[in-house]
Amino acid sequence: MSIGKVEGKEEKKMKMVRIYIMGKMYEVPEGLTIMKAMEYAGYRFIRGCGCRGGFCGACATVYRIGNDYKLYTGLACQTTVQDGMYLVQIPFVPAEKPRYDIDKLRPTASTVISIFPEVTRCVACNTCTKSCPQDIEVMDAIQAIIRGDLIKAAELSFDCIACGICSMRCPAEIVHYHVFQLVRRLYGKYLAKKAKHLEQRVNEILQGKYAEELEKLTKMSIEELKKLYETREIEKVEVIKR
Amino acid sequence: MSQVAGYPDYMKKLIEKVEETRDRRLREEYRRVTPEEKEELLRKWHPDYRPEGKRPLKVGPSKGLIVPHEVANLIEAYPLIDPRQIDLSRVDYDVDILIIGGGGAGASAAIWANISGIPADRIMIATKLRFGDANTKMAQGGIQAADRPEDSPILHFIDVMGGGHFANKPELVRRLVEDAPFIIKWLEDLGVMFDKDAEGNMIEVTGGGACRRRLHACKDYTGLEIMRVLMDETLNRGIQILEFSPAIELLTDPDTGAVTGAVLWNLETKEYYIARAKAVVLATGGYGRLHIQGFPTTNHYGATMDGVVMAYRVGARLRDLDATQYHPTGAAYPEQIVGLLVTEKCRSLGAQLVNIDGEQFIYPLEPRDVVASAIIRECYGRNKGIITPTGMRGVWLDTPMIEEIHGKGTIQRYLSAVHRMFNRFGIDPTKEPVLVFPTLHYMNGGVEINVKAQVLNGKGEPIPGFFAAGEVCGGVHGKNRLMGNSLLEITVFGRIAGMSAAEHVKNSNPGKLSLVHVERYVEMLKEAGIPPKRKAPMILPEYRGEKVLSRALPLFTL
Amino acid sequence: MYFPGCTLKTTALNYEETALAVARKLGIELIELERWNCCGVVFNLAVDSAMHHVAAVRDLIRAQQMSKKIGDNRLVTLCSMCFNTLKRVNELVKSDYEKLETINKFMDEEEDYQCEIEVKHFLEILRDDIGFETIEKSTTKPLKNLKVAPYYGCTLVRPKDIGIDSPENPQVIENLVQAIGAEPVKFPYKVKCCGSYDIVYDRKIAEQRAIEIRKAASRWGANVIVVTCPLCHYNLSLQVRAPEIPIVYFTELMAIALGVDEVLDPQVRRIIYSIMGEIK
């Protein structure tokens, strides 16, 4: 039985399309993602390839189609090639992350703005939102910070994979993903309520509540463990309480 | 921008069957398998249990261990370098702790080594691609910890042992479950945005094989959220990162056998670096890009098991490498995303697995190996799978059920990665079921460690100066990992490795550097009659088109 | 429809809270725009620079979207600087079709702005739509003993074609003050600029203004100064060698007069009540 397919190793008798990788024309099978099309054409990725699944932002790609003036952006691993695609990758965005000690910061907008003063240069042009391959409302997240609403900024920016396309295109030279990372940590650490039950359990363990029984379990025979495993009671699946 | 226009017509017709049975199935709970049924299901249908897929290792401390061919091919392979060409007298990087691998385990080790008193500029993380390019970022569903009053580490322990077929190392499992709540608290304090309810309690769901709800999640981007916070913290502390510089060989002290550093190779400039360290932490992750048995994978680009190969040459003992985890629900349509992860959290939230007739065939939250086997049986044994235009087989994962059970908007809110991944290709998981098939996901086994994260040799003794954490290790999960325990493993044992390495550093001096272990390994290979056909570590998989490769000329290396 | 502006959500929160309470008491519903962004703060005199007007036009489009739902085309602001910026951009694009087209084309992800929104300051609504008589009738606690210096600043009344009253001798705040039972004080610097952003670049200018304005207000007998803009509030409240007169927003006084002062900042309440001779 032939299970599944190994990427790139099977040639298909498919229609071909023309794409232009940094200006050079290549014919590649229709239906491939940009990433696989570039590999088909002979490029071996060192930069510009990470998780291949849309989570890491390594393969940010900018392209146009034919004579259309519009500039499109996408992730190479998640975008299918189109005939007439003119593309280039942006595997790195120049922006060193400022260092800060999260324990010493206060969760306010002025903290964020003092570390990233360029945030106030935002002219609300919305170019960042239009560039985002994750469909995040980037400008609204930056605006939320300007008006002091860190909670909203954290929520809006959550799906950010730090691909950096927004920052490359921003006329105010904001590096959005660094700003959002700080905002989200401030939210998670200071603004979100702490889980009391978690703290309680940590203390219980510190006081050795489970030590004896765990010790016993580590020495138990497989038969005894099997019995415990097969007779354990399983909780019912519950509806999420929001 | 969605380019593929959703499902073709014939598949849309098949979906109607799923919709017909949905109301009834919402009230139906498929019964669980008995231990005997489980045994038979795995034996007949799990890819691991096909003896033709594996062979025993011919050399090394774990000679005789049964492993998949793809793994054996890399282990029984010759080194990339000729030891005589490497100048060890010039040390390029001299640090206290060298961490090989920049994922969740590597970052946790670095942070805790720093917390334990090692100055940041004496810690270095060497990573193959970018810092953070690792399987960690792709973990979606959650991280387990027994922190609810209705739950306890005892139950967590039993779940882990049972899921692992009782082949786990009990003392490692104990560490895993006992440290779990502390790790969650640590992450919460770092600022990780866990899903919480209005009072601040963690929203926890059930993973496959668990008897309690204890999966903490950050929507379905849990791994990404944890990794980026760990990255931020690591960089804030000033810990050095050397990117695009994978290790291609470890270095040992010829007198003591201690691991004393590594040979790193700059992927872009092609130069090698000699890095010397008092302690080396191996955190190189898994082997998805070996495409075991031809399966597609959920793993990142660099998951090529380099660490196992290098550690084995040093004398590390391996275990449980015959246990490959296939995640039951990898995407099976459209072609562009075949193999990518569809998180188990979908099933935790009520989505059922359904065949071509619209009927369930397995309880969705059995342990992963059981579910994977059941899906393979359904598609290839009972022929009740759905066939895509490109010949891929799969079963439905009825995601619209999630909206019915938990309310409209649940998928967009709590499973936004799944929502996004399919919507990009014209499929709306809130209205249509998605097609899934098992995909190569996780390396259950690996390098053996003890409770201090020290790597053990063939006799079970710790190799001095050598630590390991994360997916590269074996023994924690036995023969099958439960959902949510890998994010836990990397943080629990990353922390332990960091602390142990720090302790070791305080009591040791830098050792001598040599490649004698590599020379000895080459001798072993020759004695075993293995021809010098293959070289390892692999570093990166080869995906270039065959047409191009057949005409490629290595004229000069730029 | 209500446009808060950035400061109303951070340092001038009480201005908004009291305004909303007062509006409710008078039967007006101020509905905040669902989505809005910073207006840009200052009307960019380099009118060719379309980019710097985009932010304000985007807010006008947001108002346009909401106006279709609620059937009212008035966008109300509390901050005089936001008022000035939004109204001047509105007038610019209304009168310059090419500019409007450029901006509309640039914002291709939004609907086109049709120039049907009217930008108003809250004081205009109080004067023109509610009327001071109604306000007087709704006053349950006339502010006795309060001698109020009405400070307009500049962005509320200049330039002439967008100001809500005469740029030299406006009366709207005086009339309001009378309606709520206090005594307006005539003083010479009521339309003198507070220094605005010079507080950032050349602090002494703002300090100088603060001294002059407060001294004058005090000399002409005022025991409180009323403002309509958070920046004026900030500048006039600077620590300078001038009489310490309390600076308050007009809505804060209105909140006490109309009996809806539960949301009022306790410190402000204490000060005003003690001037009135009542301890609260």
# chains A, B, ... in the order shown; residues from 1 in each chain; ligands from 1

call {"tool": "residues_around", "arguments": {"residues": "range 341-357 of chain B", "least_positions_apart": "5", "cutoff": "6 Å", "atoms": "only C-alpha atoms", "output": "PDB file with N, CA and C atoms, in the first residue's frame"}}
result
ATOM      1  N   GLN B 140       0.141  22.856  18.335  1.00  0.00           N
ATOM      2  CA  GLN B 140      -1.055  23.688  18.346  1.00  0.00           C
ATOM      3  C   GLN B 140      -1.897  23.528  19.597  1.00  0.00           C
ATOM      4  N   GLY B 141      -2.189  22.249  19.924  1.00  0.00           N
ATOM      5  CA  GLY B 141      -3.292  22.015  20.853  1.00  0.00           C
ATOM      6  C   GLY B 141      -3.098  22.444  22.279  1.00  0.00           C
ATOM      7  N   THR B 206      -9.660  18.185  27.171  1.00  0.00           N
ATOM      8  CA  THR B 206      -9.089  16.838  27.250  1.00  0.00           C
ATOM      9  C   THR B 206      -8.321  16.510  25.994  1.00  0.00           C
ATOM     10  N   GLY B 207      -7.191  15.844  26.179  1.00  0.00           N
ATOM     11  CA  GLY B 207      -6.448  15.326  25.035  1.00  0.00           C
ATOM     12  C   GLY B 207      -6.696  13.834  24.919  1.00  0.00           C
ATOM     13  N   THR B 298       4.354  16.675   9.677  1.00  0.00           N
ATOM     14  CA  THR B 298       3.977  17.963  10.251  1.00  0.00           C
ATOM     15  C   THR B 298       5.200  18.751  10.665  1.00  0.00           C
ATOM     16  N   THR B 329      -4.508  13.072  12.552  1.00  0.00           N
ATOM     17  CA  THR B 329      -5.185  14.007  11.656  1.00  0.00           C
ATOM     18  C   THR B 329      -4.210  15.001  11.047  1.00  0.00           C
ATOM     19  N   GLY B 330      -3.574  14.547   9.959  1.00  0.00           N
ATOM     20  CA  GLY B 330      -2.849  15.503   9.122  1.00  0.00           C
ATOM     21  C   GLY B 330      -3.797  15.866   7.997  1.00  0.00           C
ATOM     22  N   PRO B 364     -13.051   9.214  19.124  1.00  0.00           N
ATOM     23  CA  PRO B 364     -12.049  10.181  18.660  1.00  0.00           C
ATOM     24  C   PRO B 364     -10.890  10.444  19.615  1.00  0.00           C
ATOM     25  N   LYS B 384     -13.347   2.352   3.237  1.00  0.00           N
ATOM     26  CA  LYS B 384     -14.432   3.322   3.471  1.00  0.00           C
ATOM     27  C   LYS B 384     -13.868   4.735   3.609  1.00  0.00           C
ATOM     28  N   GLY B 385     -12.707   4.955   2.982  1.00  0.00           N
ATOM     29  CA  GLY B 385     -12.153   6.297   3.014  1.00  0.00           C
ATOM     30  C   GLY B 385     -12.640   7.100   1.824  1.00  0.00           C
ATOM     31  N   ILE B 386     -12.278   8.359   1.791  1.00  0.00           N
ATOM     32  CA  ILE B 386     -12.635   9.235   0.666  1.00  0.00           C
ATOM     33  C   ILE B 386     -11.357   9.434  -0.145  1.00  0.00           C
ATOM     34  N   VAL B 395     -10.229  10.409   5.789  1.00  0.00           N
ATOM     35  CA  VAL B 395     -11.572  10.351   6.369  1.00  0.00           C
ATOM     36  C   VAL B 395     -11.965  11.759   6.764  1.00  0.00           C
ATOM     37  N   TRP B 396     -13.252  11.949   7.022  1.00  0.00           N
ATOM     38  CA  TRP B 396     -13.712  13.282   7.418  1.00  0.00           C
ATOM     39  C   TRP B 396     -13.455  13.533   8.891  1.00  0.00           C
ATOM     40  N   LEU B 397     -13.069  14.765   9.205  1.00  0.00           N
ATOM     41  CA  LEU B 397     -13.076  15.225  10.583  1.00  0.00           C
ATOM     42  C   LEU B 397     -14.205  16.243  10.629  1.00  0.00           C
ATOM     43  N   ASP B 398     -15.294  15.905  11.313  1.00  0.00           N
ATOM     44  CA  ASP B 398     -16.513  16.707  11.223  1.00  0.00           C
ATOM     45  C   ASP B 398     -16.446  17.960  12.094  1.00  0.00           C
ATOM     46  N   THR B 399     -15.699  18.948  11.625  1.00  0.00           N
ATOM     47  CA  THR B 399     -15.479  20.168  12.405  1.00  0.00           C
ATOM     48  C   THR B 399     -16.730  21.013  12.653  1.00  0.00           C
ATOM     49  N   MET B 401     -19.320  20.205  13.829  1.00  0.00           N
ATOM     50  CA  MET B 401     -19.904  19.785  15.111  1.00  0.00           C
ATOM     51  C   MET B 401     -19.442  20.681  16.255  1.00  0.00           C
ATOM     52  N   ILE B 402     -18.211  21.200  16.117  1.00  0.00           N
ATOM     53  CA  ILE B 402     -17.671  22.031  17.185  1.00  0.00           C
ATOM     54  C   ILE B 402     -18.543  23.276  17.374  1.00  0.00           C
TER      55      ILE B 402
END

call {"tool": "residues_around", "arguments": {"residues": "range 227-243 of chain C", "least_positions_apart": "2", "cutoff": "6 Å", "atoms": "only C-alpha atoms", "output": "PyMOL selection string"}}
result
chain C and resi 79-80+151+194+210-211+215+245+249

call {"tool": "write_last_selection", "arguments": {"atoms": "N, CA and C atoms", "output": "PDB file, in the first residue's frame"}}
result
ATOM      1  N   CYS C  79     -12.670  66.777  22.526  1.00  0.00           N
ATOM      2  CA  CYS C  79     -11.356  67.401  22.498  1.00  0.00           C
ATOM      3  C   CYS C  79     -11.326  68.449  21.396  1.00  0.00           C
ATOM      4  N   SER C  80     -10.970  69.670  21.739  1.00  0.00           N
ATOM      5  CA  SER C  80     -10.981  70.740  20.740  1.00  0.00           C
ATOM      6  C   SER C  80      -9.970  70.508  19.631  1.00  0.00           C
ATOM      7  N   TYR C 151     -12.170  79.642  29.502  1.00  0.00           N
ATOM      8  CA  TYR C 151     -10.966  79.634  28.665  1.00  0.00           C
ATOM      9  C   TYR C 151     -11.219  78.850  27.385  1.00  0.00           C
ATOM     10  N   CYS C 194      -2.714  78.381  24.684  1.00  0.00           N
ATOM     11  CA  CYS C 194      -2.047  77.867  25.892  1.00  0.00           C
ATOM     12  C   CYS C 194      -0.607  77.464  25.624  1.00  0.00           C
ATOM     13  N   ALA C 210       0.852  79.853  30.786  1.00  0.00           N
ATOM     14  CA  ALA C 210       0.107  79.418  31.975  1.00  0.00           C
ATOM     15  C   ALA C 210       0.121  80.516  33.037  1.00  0.00           C
ATOM     16  N   ILE C 211       1.302  81.128  33.209  1.00  0.00           N
ATOM     17  CA  ILE C 211       1.421  82.195  34.212  1.00  0.00           C
ATOM     18  C   ILE C 211       0.475  83.336  33.861  1.00  0.00           C
ATOM     19  N   LYS C 215      -2.776  84.212  36.060  1.00  0.00           N
ATOM     20  CA  LYS C 215      -2.698  85.482  36.790  1.00  0.00           C
ATOM     21  C   LYS C 215      -3.889  86.356  36.419  1.00  0.00           C
ATOM     22  N   ILE C 245      -5.147  78.219  40.604  1.00  0.00           N
ATOM     23  CA  ILE C 245      -6.597  78.159  40.372  1.00  0.00           C
ATOM     24  C   ILE C 245      -6.925  76.773  39.827  1.00  0.00           C
ATOM     25  N   TYR C 249     -12.823  70.670  33.376  1.00  0.00           N
ATOM     26  CA  TYR C 249     -13.541  70.609  32.105  1.00  0.00           C
ATOM     27  C   TYR C 249     -14.970  71.097  32.327  1.00  0.00           C
TER      28      TYR C 249
END

call {"tool": "select_by_dssp", "arguments": {"residues": "range 412-462 of chain B", "states": "alpha helix (DSSP H)", "output": "VMD selection string"}}
result
chain B and resid 412 to 414 416 to 423

call {"tool": "interface_residues", "arguments": {"of": "chain A", "to": "chain C", "cutoff": "12 Å", "atoms": "only C-alpha atoms", "output": "ChimeraX atom specification"}}
result
/A:70,108-110,119-127,129-131,137-150,152,171-172

call {"tool": "interface_residues", "arguments": {"of": "chain A", "to": "chain B", "cutoff": "7 Å", "atoms": "only C-alpha atoms", "output": "ChimeraX atom specification"}}
result
/A:3-8,32-33,39-44,49-53,55-56,80,99-101,185-189,193-198,201-202,214,218,222,226,229,233-235,239-242

call {"tool": "write_last_selection", "arguments": {"atoms": "N, CA and C atoms", "output": "compact mmCIF listing (two decimals), in the first residue's frame"}}
result
# COMPACT_ATOMS: atom_id res chain seq x y z
N ILE A 3 1.21 4.74 1.02
CA ILE A 3 0.52 5.67 1.90
C ILE A 3 1.07 7.07 1.71
N GLY A 4 0.21 7.99 1.48
CA GLY A 4 0.63 9.39 1.45
C GLY A 4 1.59 9.69 0.32
N LYS A 5 2.07 10.87 0.29
CA LYS A 5 3.04 11.24 -0.74
C LYS A 5 4.20 11.93 -0.07
N VAL A 6 5.36 11.79 -0.64
CA VAL A 6 6.51 12.53 -0.13
C VAL A 6 6.62 13.80 -0.95
N GLU A 7 6.72 14.93 -0.29
CA GLU A 7 6.70 16.21 -1.01
C GLU A 7 7.77 16.26 -2.08
N GLY A 8 7.36 16.73 -3.24
CA GLY A 8 8.34 17.05 -4.27
C GLY A 8 8.87 15.87 -5.04
N LEU A 32 1.19 23.86 -7.38
CA LEU A 32 2.22 23.80 -6.35
C LEU A 32 2.18 25.07 -5.52
N THR A 33 2.62 24.98 -4.27
CA THR A 33 2.79 26.19 -3.49
C THR A 33 4.05 26.88 -4.03
N GLU A 39 11.40 24.97 -5.27
CA GLU A 39 12.23 23.78 -5.15
C GLU A 39 12.19 22.97 -6.44
N TYR A 40 11.03 22.90 -7.04
CA TYR A 40 10.91 22.21 -8.33
C TYR A 40 11.86 22.85 -9.35
N ALA A 41 11.94 24.20 -9.28
CA ALA A 41 12.80 24.93 -10.22
C ALA A 41 14.26 24.79 -9.89
N GLY A 42 14.58 24.21 -8.72
CA GLY A 42 15.98 23.96 -8.41
C GLY A 42 16.55 24.76 -7.25
N TYR A 43 15.72 25.58 -6.61
CA TYR A 43 16.22 26.33 -5.47
C TYR A 43 16.22 25.45 -4.24
N ARG A 44 17.34 25.45 -3.52
CA ARG A 44 17.35 24.73 -2.24
C ARG A 44 17.37 25.78 -1.15
N CYS A 49 12.84 29.44 4.64
CA CYS A 49 12.06 28.21 4.82
C CYS A 49 12.16 27.80 6.27
N GLY A 50 11.02 27.57 6.90
CA GLY A 50 11.08 27.20 8.31
C GLY A 50 10.20 26.01 8.58
N CYS A 51 8.94 26.30 8.96
CA CYS A 51 8.09 25.20 9.37
C CYS A 51 7.33 24.59 8.20
N ARG A 52 7.29 25.31 7.10
CA ARG A 52 6.57 24.87 5.90
C ARG A 52 5.07 24.69 6.15
N GLY A 53 4.57 25.25 7.22
CA GLY A 53 3.16 25.02 7.55
C GLY A 53 2.39 26.28 7.91
N PHE A 55 3.33 28.78 10.20
CA PHE A 55 3.40 29.20 11.60
C PHE A 55 4.61 30.05 11.95
N CYS A 56 5.64 30.05 11.10
CA CYS A 56 6.88 30.64 11.60
C CYS A 56 7.27 31.93 10.89
N THR A 80 -0.54 29.29 -3.47
CA THR A 80 -0.36 28.54 -4.70
C THR A 80 0.14 29.45 -5.81
N ARG A 99 16.22 45.26 24.25
CA ARG A 99 16.19 44.39 25.43
C ARG A 99 15.49 45.10 26.58
N TYR A 100 14.71 44.37 27.31
CA TYR A 100 14.04 44.94 28.49
C TYR A 100 13.85 43.84 29.52
N ASP A 101 13.65 44.25 30.76
CA ASP A 101 13.42 43.29 31.83
C ASP A 101 11.93 43.33 32.15
N ARG A 185 3.18 40.14 26.16
CA ARG A 185 3.79 39.66 27.41
C ARG A 185 3.29 40.48 28.58
N LEU A 186 3.17 41.81 28.38
CA LEU A 186 2.65 42.65 29.46
C LEU A 186 1.24 42.22 29.83
N TYR A 187 0.44 41.92 28.80
CA TYR A 187 -0.92 41.48 29.06
C TYR A 187 -0.91 40.17 29.83
N GLY A 188 -0.19 39.18 29.32
CA GLY A 188 -0.20 37.85 29.93
C GLY A 188 0.33 37.87 31.35
N LYS A 189 1.32 38.75 31.59
CA LYS A 189 1.95 38.73 32.89
C LYS A 189 1.20 39.60 33.90
N LYS A 193 -5.94 37.92 34.54
CA LYS A 193 -6.05 37.47 35.93
C LYS A 193 -5.21 36.21 36.11
N LYS A 194 -4.63 36.06 37.29
CA LYS A 194 -3.82 34.87 37.58
C LYS A 194 -4.74 33.71 37.92
N ALA A 195 -4.29 32.50 37.59
CA ALA A 195 -5.08 31.31 37.89
C ALA A 195 -4.77 30.88 39.32
N LYS A 196 -5.78 31.04 40.19
CA LYS A 196 -5.52 30.75 41.60
C LYS A 196 -5.31 29.26 41.83
N HIS A 197 -6.10 28.45 41.08
CA HIS A 197 -5.99 27.00 41.32
C HIS A 197 -4.59 26.50 40.97
N LEU A 198 -3.98 27.17 40.01
CA LEU A 198 -2.63 26.78 39.59
C LEU A 198 -1.65 27.05 40.73
N ARG A 201 -2.00 24.49 43.44
CA ARG A 201 -1.43 23.18 43.15
C ARG A 201 0.10 23.23 43.24
N VAL A 202 0.69 24.32 42.76
CA VAL A 202 2.16 24.43 42.83
C VAL A 202 2.62 24.37 44.28
N LEU A 214 3.67 9.22 44.32
CA LEU A 214 4.42 9.15 43.07
C LEU A 214 5.60 8.19 43.22
N THR A 218 6.32 4.94 40.81
CA THR A 218 7.51 4.71 39.99
C THR A 218 8.08 3.31 40.24
N ILE A 222 4.40 -3.48 36.11
CA ILE A 222 3.58 -3.12 34.96
C ILE A 222 2.15 -3.64 35.10
N LYS A 226 -1.08 -1.39 34.87
CA LYS A 226 -2.11 -1.66 33.85
C LYS A 226 -3.48 -1.63 34.47
N TYR A 229 -4.58 1.78 35.17
CA TYR A 229 -4.88 2.48 33.92
C TYR A 229 -6.25 2.07 33.39
N GLU A 233 -11.20 6.41 36.11
CA GLU A 233 -12.45 7.03 35.66
C GLU A 233 -12.14 8.20 34.74
N ILE A 234 -12.90 8.27 33.64
CA ILE A 234 -12.63 9.30 32.65
C ILE A 234 -13.69 10.40 32.69
N GLU A 235 -13.22 11.63 32.75
CA GLU A 235 -14.11 12.79 32.84
C GLU A 235 -14.87 12.98 31.53
N VAL A 239 -18.63 21.54 27.79
CA VAL A 239 -18.68 22.74 26.96
C VAL A 239 -17.74 23.78 27.55
N ILE A 240 -17.06 24.53 26.67
CA ILE A 240 -16.14 25.55 27.18
C ILE A 240 -16.92 26.64 27.89
N LYS A 241 -16.52 26.97 29.11
CA LYS A 241 -17.13 28.13 29.78
C LYS A 241 -16.25 29.33 29.46
N ARG A 242 -16.83 30.35 28.85
CA ARG A 242 -15.98 31.47 28.44
C ARG A 242 -15.88 32.51 29.55

call {"tool": "residues_around", "arguments": {"residues": "range 489-491 of chain B", "least_positions_apart": "6", "cutoff": "8 Å", "atoms": "only C-alpha atoms", "output": "MDAnalysis selection string"}}
result
chainID B and resid 104:105 108 176 183 469:471 476

call {"tool": "write_last_selection", "arguments": {"atoms": "N, CA and C atoms", "output": "PDB file, in the first residue's frame"}}
result
ATOM      1  N   GLY B 104      12.048  25.006  21.778  1.00  0.00           N
ATOM      2  CA  GLY B 104      11.567  25.222  23.137  1.00  0.00           C
ATOM      3  C   GLY B 104      12.471  24.640  24.201  1.00  0.00           C
ATOM      4  N   ALA B 105      13.042  23.460  23.930  1.00  0.00           N
ATOM      5  CA  ALA B 105      13.928  22.854  24.927  1.00  0.00           C
ATOM      6  C   ALA B 105      15.212  23.651  25.050  1.00  0.00           C
ATOM      7  N   SER B 108      14.493  26.959  26.890  1.00  0.00           N
ATOM      8  CA  SER B 108      14.264  26.725  28.327  1.00  0.00           C
ATOM      9  C   SER B 108      15.565  26.426  29.038  1.00  0.00           C
ATOM     10  N   LEU B 176       8.182  14.606  34.932  1.00  0.00           N
ATOM     11  CA  LEU B 176       7.317  15.292  33.975  1.00  0.00           C
ATOM     12  C   LEU B 176       6.034  15.784  34.642  1.00  0.00           C
ATOM     13  N   ILE B 183       5.832  24.527  35.873  1.00  0.00           N
ATOM     14  CA  ILE B 183       6.186  25.022  34.547  1.00  0.00           C
ATOM     15  C   ILE B 183       5.105  25.940  34.002  1.00  0.00           C
ATOM     16  N   ALA B 469      17.567  17.324  26.095  1.00  0.00           N
ATOM     17  CA  ALA B 469      16.187  17.628  26.487  1.00  0.00           C
ATOM     18  C   ALA B 469      15.318  17.734  25.253  1.00  0.00           C
ATOM     19  N   GLY B 470      14.047  17.391  25.429  1.00  0.00           N
ATOM     20  CA  GLY B 470      13.098  17.591  24.351  1.00  0.00           C
ATOM     21  C   GLY B 470      12.876  16.359  23.503  1.00  0.00           C
ATOM     22  N   GLU B 471      12.389  16.574  22.277  1.00  0.00           N
ATOM     23  CA  GLU B 471      12.011  15.460  21.415  1.00  0.00           C
ATOM     24  C   GLU B 471      13.174  14.514  21.144  1.00  0.00           C
ATOM     25  N   VAL B 476      10.662   9.203  28.033  1.00  0.00           N
ATOM     26  CA  VAL B 476       9.611   9.947  28.745  1.00  0.00           C
ATOM     27  C   VAL B 476       8.232   9.453  28.324  1.00  0.00           C
TER      28      VAL B 476
END

call {"tool": "select_by_dssp", "arguments": {"residues": "range 40-242 of chain A", "states": "strand (DSSP E)", "output": "list in words"}}
result
Ala60, Thr61, Val62, Tyr63, Arg64, Ile65, Tyr72, Thr73, Gly74, Leu75, Met85, Tyr86, Leu87, Val88 and Gln89 of chain A

call {"tool": "residues_around", "arguments": {"residues": "range 90-100 of chain C", "least_positions_apart": "2", "cutoff": "12 Å", "atoms": "only C-alpha atoms", "output": "PyMOL selection string"}}
result
chain C and resi 39+43-61+63+75+82-88+102-107+112-120+159+161-162

call {"tool": "residues_around", "arguments": {"residues": "range 458-461 of chain B", "least_positions_apart": "6", "cutoff": "8 Å", "atoms": "only C-alpha atoms", "output": "PyMOL selection string"}}
result
chain B and resi 61-62+315-317

call {"tool": "write_last_selection", "arguments": {"atoms": "N, CA and C atoms", "output": "PDB file, in the first residue's frame"}}
result
ATOM      1  N   PRO B  61      26.482   1.458  20.742  1.00  0.00           N
ATOM      2  CA  PRO B  61      26.028   1.054  22.081  1.00  0.00           C
ATOM      3  C   PRO B  61      24.626   0.430  22.070  1.00  0.00           C
ATOM      4  N   SER B  62      23.814   0.743  21.082  1.00  0.00           N
ATOM      5  CA  SER B  62      22.487   0.123  21.038  1.00  0.00           C
ATOM      6  C   SER B  62      22.382  -0.835  19.869  1.00  0.00           C
ATOM      7  N   GLY B 315      28.584   7.726  21.926  1.00  0.00           N
ATOM      8  CA  GLY B 315      28.360   6.564  22.786  1.00  0.00           C
ATOM      9  C   GLY B 315      27.051   6.588  23.533  1.00  0.00           C
ATOM     10  N   ALA B 316      26.152   7.470  23.138  1.00  0.00           N
ATOM     11  CA  ALA B 316      24.871   7.550  23.844  1.00  0.00           C
ATOM     12  C   ALA B 316      24.009   6.336  23.540  1.00  0.00           C
ATOM     13  N   ARG B 317      23.212   5.948  24.527  1.00  0.00           N
ATOM     14  CA  ARG B 317      22.320   4.815  24.335  1.00  0.00           C
ATOM     15  C   ARG B 317      20.998   5.329  23.775  1.00  0.00           C
TER      16      ARG B 317
END

call {"tool": "atom_distance", "arguments": {"atom1": "CA of Ile102 in chain A", "atom2": "CA of Ile161 in chain A"}}
result
20.9 Å

call {"tool": "residues_around", "arguments": {"residues": "His477 in chain B", "least_positions_apart": "2", "cutoff": "6 Å", "atoms": "only C-alpha atoms", "output": "PyMOL selection string"}}
result
chain B and resi 164+168+475+480-481

call {"tool": "write_last_selection", "arguments": {"atoms": "C-alpha atoms", "output": "PDB file, in the first residue's frame"}}
result
ATOM      1  CA  GLY B 164       3.172   4.846  26.401  1.00  0.00           C
ATOM      2  CA  ASN B 168       8.294   4.655  29.747  1.00  0.00           C
ATOM      3  CA  GLY B 475      12.062   7.251  27.725  1.00  0.00           C
ATOM      4  CA  ASN B 480       3.471   6.650  22.327  1.00  0.00           C
ATOM      5  CA  ARG B 481       3.250  10.255  23.403  1.00  0.00           C
TER       6      ARG B 481
END

call {"tool": "atom_distance", "arguments": {"atom1": "CA of Asp135 in chain A", "atom2": "CA of Glu118 in chain A"}}
result
23.0 Å

call {"tool": "residues_around", "arguments": {"residues": "Met305 in chain B", "least_positions_apart": "3", "cutoff": "12 Å", "atoms": "only C-alpha atoms", "output": "number ranges by chain"}}
result
B: 70-75, 101, 128, 246-248, 282-292, 299-302, 308-312, 321, 442-443, 445-447, 471-473, 536-541

call {"tool": "closest_atom_pairs", "arguments": {"of": "range 179-278 of chain C", "to": "range 19-26 of chain C", "cutoff": "10 Å", "atoms": "only C-alpha atoms", "output": "tab-separated table"}}
result
residue	atom	partner	partner_atom	distance
C:Tyr249	CA	C:Ala19	CA	9.2
C:Phe250	CA	C:Ala19	CA	8.7
C:Thr251	CA	C:Ala19	CA	5.2
C:Glu252	CA	C:Ala19	CA	7.5
C:Leu253	CA	C:Val22	CA	9.8
C:Met254	CA	C:Val22	CA	6.7
C:Ala255	CA	C:Val22	CA	5.8
C:Ile256	CA	C:Val22	CA	9.3
C:Ala257	CA	C:Val22	CA	9.5
C:Leu258	CA	C:Val22	CA	7.2
C:Gly259	CA	C:Lys25	CA	8.8
C:Val260	CA	C:Ala21	CA	6.4
C:Asp261	CA	C:Ala21	CA	8.1
C:Glu262	CA	C:Ala21	CA	9.0
C:Val263	CA	C:Ala21	CA	7.7
C:Leu264	CA	C:Ala21	CA	9.5
